[in-house]
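J.: Input: one structure, supplied below.
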Amino acid sequence: MIMKKTLNKALCLLLCLAMLSPAFSLCVFAAGKKPEAVKGLKAASITAESITLSWNKTKNADGYRVYCLNKKTGKWVSDGTVTKPQYTDKKLSPGSVYSYRVRAFSKSGSKKVFGAYSTQLNVLTNPNAASSLKVNSVTGSSISISWKAGAGASVYEVFQRADGIADFIKVATVSSTSYKANNLISKTGYEFYVRSIAKSGKLQAVSAKSKTVKAKTKLGAVKEISVSGSENSLSISWSAVRGANGYRVYVYDKESRKWIGFSKQKERYIVFESVDRSVDIQLRIRTYDEKTSVLSKTFNLRTLPAAPTGLKAATGADGIALKWDAVKGASGYRIDRYNAADGTWKKVGISGKNSFVDKSVTETSVYTYKVCAFTVSGETVIYGDYSSSVYHEYRSVEEPDSIYSQELEKSGVIGYLYDPVRNVFYTAADPWQRNFGFNAIYDTVAPFTLLNYATVRFKFRADGKDWMIQAWKGQYGLVFYGAEVGVYTKPTDRNVEHYDCASDSDMLKMAMTFYKKSGITQRWVKRFERPYGTYWWCTGFKPGNNGYNFSIYRLDVRITMKTFEMLEGMKKAMDGQKIKYAVSGLDVFFTF
């Protein structure tokens, strides 16, 4: 008996000692400890009928319970219990939204201690792919396709590629189960597939691709024509129709009320001689291949109006007033103005009479205009050829004639003159610098004389001599900034790169406008301009010091070449320098 009591006491002591150990404490008290909230809940994969969820492993969790929102009752319903942080919900509906949340639990005997819920996750199942894709109709420029709806789809994306093209491109998004591809190339194979898209709020799900379907367009018709001509002839041309080996032109004869067909031809143009200006014409073109032919729509047009002549410009009370000779049969006139900033012509107005006032002009600026007449046939406007361009400097305030007079040219000090109205210094017609010509070494040593500028040279050969036209812009010493354009020549057999200043017979007509960025918005503000005239060296310098950042300056230049050979040489030189330019007649406009 005494032995038994002693043994019991020993066992109790050992039990007490074991309870004091950390391992025993962890084993006993870890069971039933509340786990943390589930984090990182996301959709690991989505199909049209299933959603696989995953989340981060949760500390102290023995398992997880997944809940799905019942949309009818608005209550969360247990959807299943798992021991790993992953769950797949099956037998779902395509293109439907399902909402989930998850919480972890730990076990304490037969009881479960639950942690907090995860954040809610909304998942949209994929729609079913479109099926039974087929071709319904084919023409020379269109293919119509249709398909069976994919369950759960909100819209469909249509993808297309042509023969010889590696990749499909998306060409349309439609809500119907059909699509017509237009503006296709005739006698060309095309391939299509469709992809279903499900949408719900900000959620979007995409199906797999449908099967592809192929079709080849038939011989196409001529869609558009171009009209040009001279005073006594009319030229009709059109783009090639792929697969065509001939064309036939038909013109409607109003007297016989019949379509008169011309001979079948391979050329894509036809010229009508001795055609009156501003006459209505109805025209069709039939396209042929080896087996079939297609007739185009009827083109209703009028012959071209003549180009306006006698265009003149003058300063008016409200702007620059333009006037020209009236064109017989013209419905109206379009007036275009040259934009030196981007080298393009832009429409500034339409006039129903042979005059126009451009009110959108600014003080002391040179503007260039051209005019064309147009006629109206139904809904079609047909423009004739443009007139010759005209140039005009707008000045609303009269300025002293002596500013550019010979007396002032002769009164220059060390070759420079002063324009007090514009506060600009410029060179006289025949300054001392003209005696020294030009060599690239001048630009090399310029920084050592406090001249810091950017420059560009255009070299070309024309009319039996080498030409160089050079432009500069930048800071000239500590007190001036401005720009220059110089014209230089040398014999073709002179191997040394030293040019002579242009002689009087080689001087060119030119004008330049100088801009500087200004203000918070850094907009271009005109600082000065030199009027259109004959120069070998066109210059302008303003008092001021703006540092050596050449990007704040812009120089717009207009130069009139003497011959078309010079023009082509100058164009190639500018292409080599990647300079933005435009050409009108013998005039070259460029921005530096």
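We name chains A, B, ... following the order of the structure tokens; residues begin at 1 in each chain, and ligands are numbered from 1 as shown.
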Where does region 140-244 of chain A meet region 131-135 of chain A within 9 Å, residue by residue, with the nearest atom pair and distance in Å to one decimal for each, counting only C-alpha atoms, listed by chain and rising number, as a tab-separated table?

T.:
residue	atom	partner	partner_atom	distance
A:Ile143	CA	A:Val135	CA	7.2
A:Ser144	CA	A:Val135	CA	5.9
A:Ile145	CA	A:Val135	CA	4.4
A:Ser146	CA	A:Lys134	CA	5.6
A:Trp147	CA	A:Leu133	CA	4.3
A:Lys148	CA	A:Ser131	CA	5.1
A:Ala149	CA	A:Ser131	CA	6.9
A:Gly150	CA	A:Ser131	CA	7.0
A:Phe192	CA	A:Leu133	CA	8.9
A:Tyr193	CA	A:Leu133	CA	7.7
A:Val194	CA	A:Leu133	CA	8.0
A:Ser210	CA	A:Ser131	CA	6.2
A:Lys211	CA	A:Leu133	CA	6.9
A:Thr212	CA	A:Leu133	CA	7.3
A:Val213	CA	A:Lys134	CA	6.3
A:Lys214	CA	A:Val135	CA	7.7
A:Ala215	CA	A:Val135	CA	7.2

J.: Residues within 12 Å of region 451-455 of chain A, please, as a PyMOL selection string. Count only C-alpha atoms; anything in the same chain fewer than 4 positions from it doesn't count.

T.: chain A and resi 440+442-447+469-486+545-555+577+592

J.: Would you please give, as a PyMOL selection string, all residues of region 226-282 of chain A that DSSP assigns to strand (DSSP E) based on the backbone?

T.: chain A and resi 226-229+233-238+246-253+258-261+269-273+280-282

J.: As a list in words, please: the residues near Ala341 (chain A) (cut-off 12 Å, only C-alpha atoms, same-chain neighbours under 6 positions excluded).

T.: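 Near Ala341 (chain A), the qualifying residues are Thr513, Phe514, Tyr515, Trp524, Lys526, Arg554, Leu555, Asp556, Val557, Arg558, Lys580, Tyr581, Ala582, Phe589, Phe590, Thr591 and Phe592 of chain A.
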
J.: Mind checking which residues fall within 6 Å of Glu49 (chain A), counting only C-alpha atoms, ignoring those fewer than 6 positions away in the same chain, and posting them as a list of chain:residue names?

T.: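 Listing them by chain and then by number gives A:Lys91, A:Leu92, A:Ser93, A:Pro94.
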
J.: Would you save the residues of that selection, restricted to N, CA and C atoms, as a PDB file, in the first residue's frame?

T.:
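What landed in again_7.pdb:
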ATOM      1  N   LYS A  91     -19.324  23.001 -62.037  1.00  0.00           N
ATOM      2  CA  LYS A  91     -20.680  23.020 -62.560  1.00  0.00           C
ATOM      3  C   LYS A  91     -21.289  24.427 -62.508  1.00  0.00           C
ATOM      4  N   LEU A  92     -20.509  25.387 -62.956  1.00  0.00           N
ATOM      5  CA  LEU A  92     -20.945  26.781 -62.969  1.00  0.00           C
ATOM      6  C   LEU A  92     -21.519  27.138 -64.343  1.00  0.00           C
ATOM      7  N   SER A  93     -22.126  28.324 -64.422  1.00  0.00           N
ATOM      8  CA  SER A  93     -22.711  28.800 -65.680  1.00  0.00           C
ATOM      9  C   SER A  93     -21.731  29.713 -66.399  1.00  0.00           C
ATOM     10  N   PRO A  94     -21.608  29.606 -67.734  1.00  0.00           N
ATOM     11  CA  PRO A  94     -20.689  30.477 -68.487  1.00  0.00           C
ATOM     12  C   PRO A  94     -21.112  31.945 -68.398  1.00  0.00           C
TER      13      PRO A  94
END
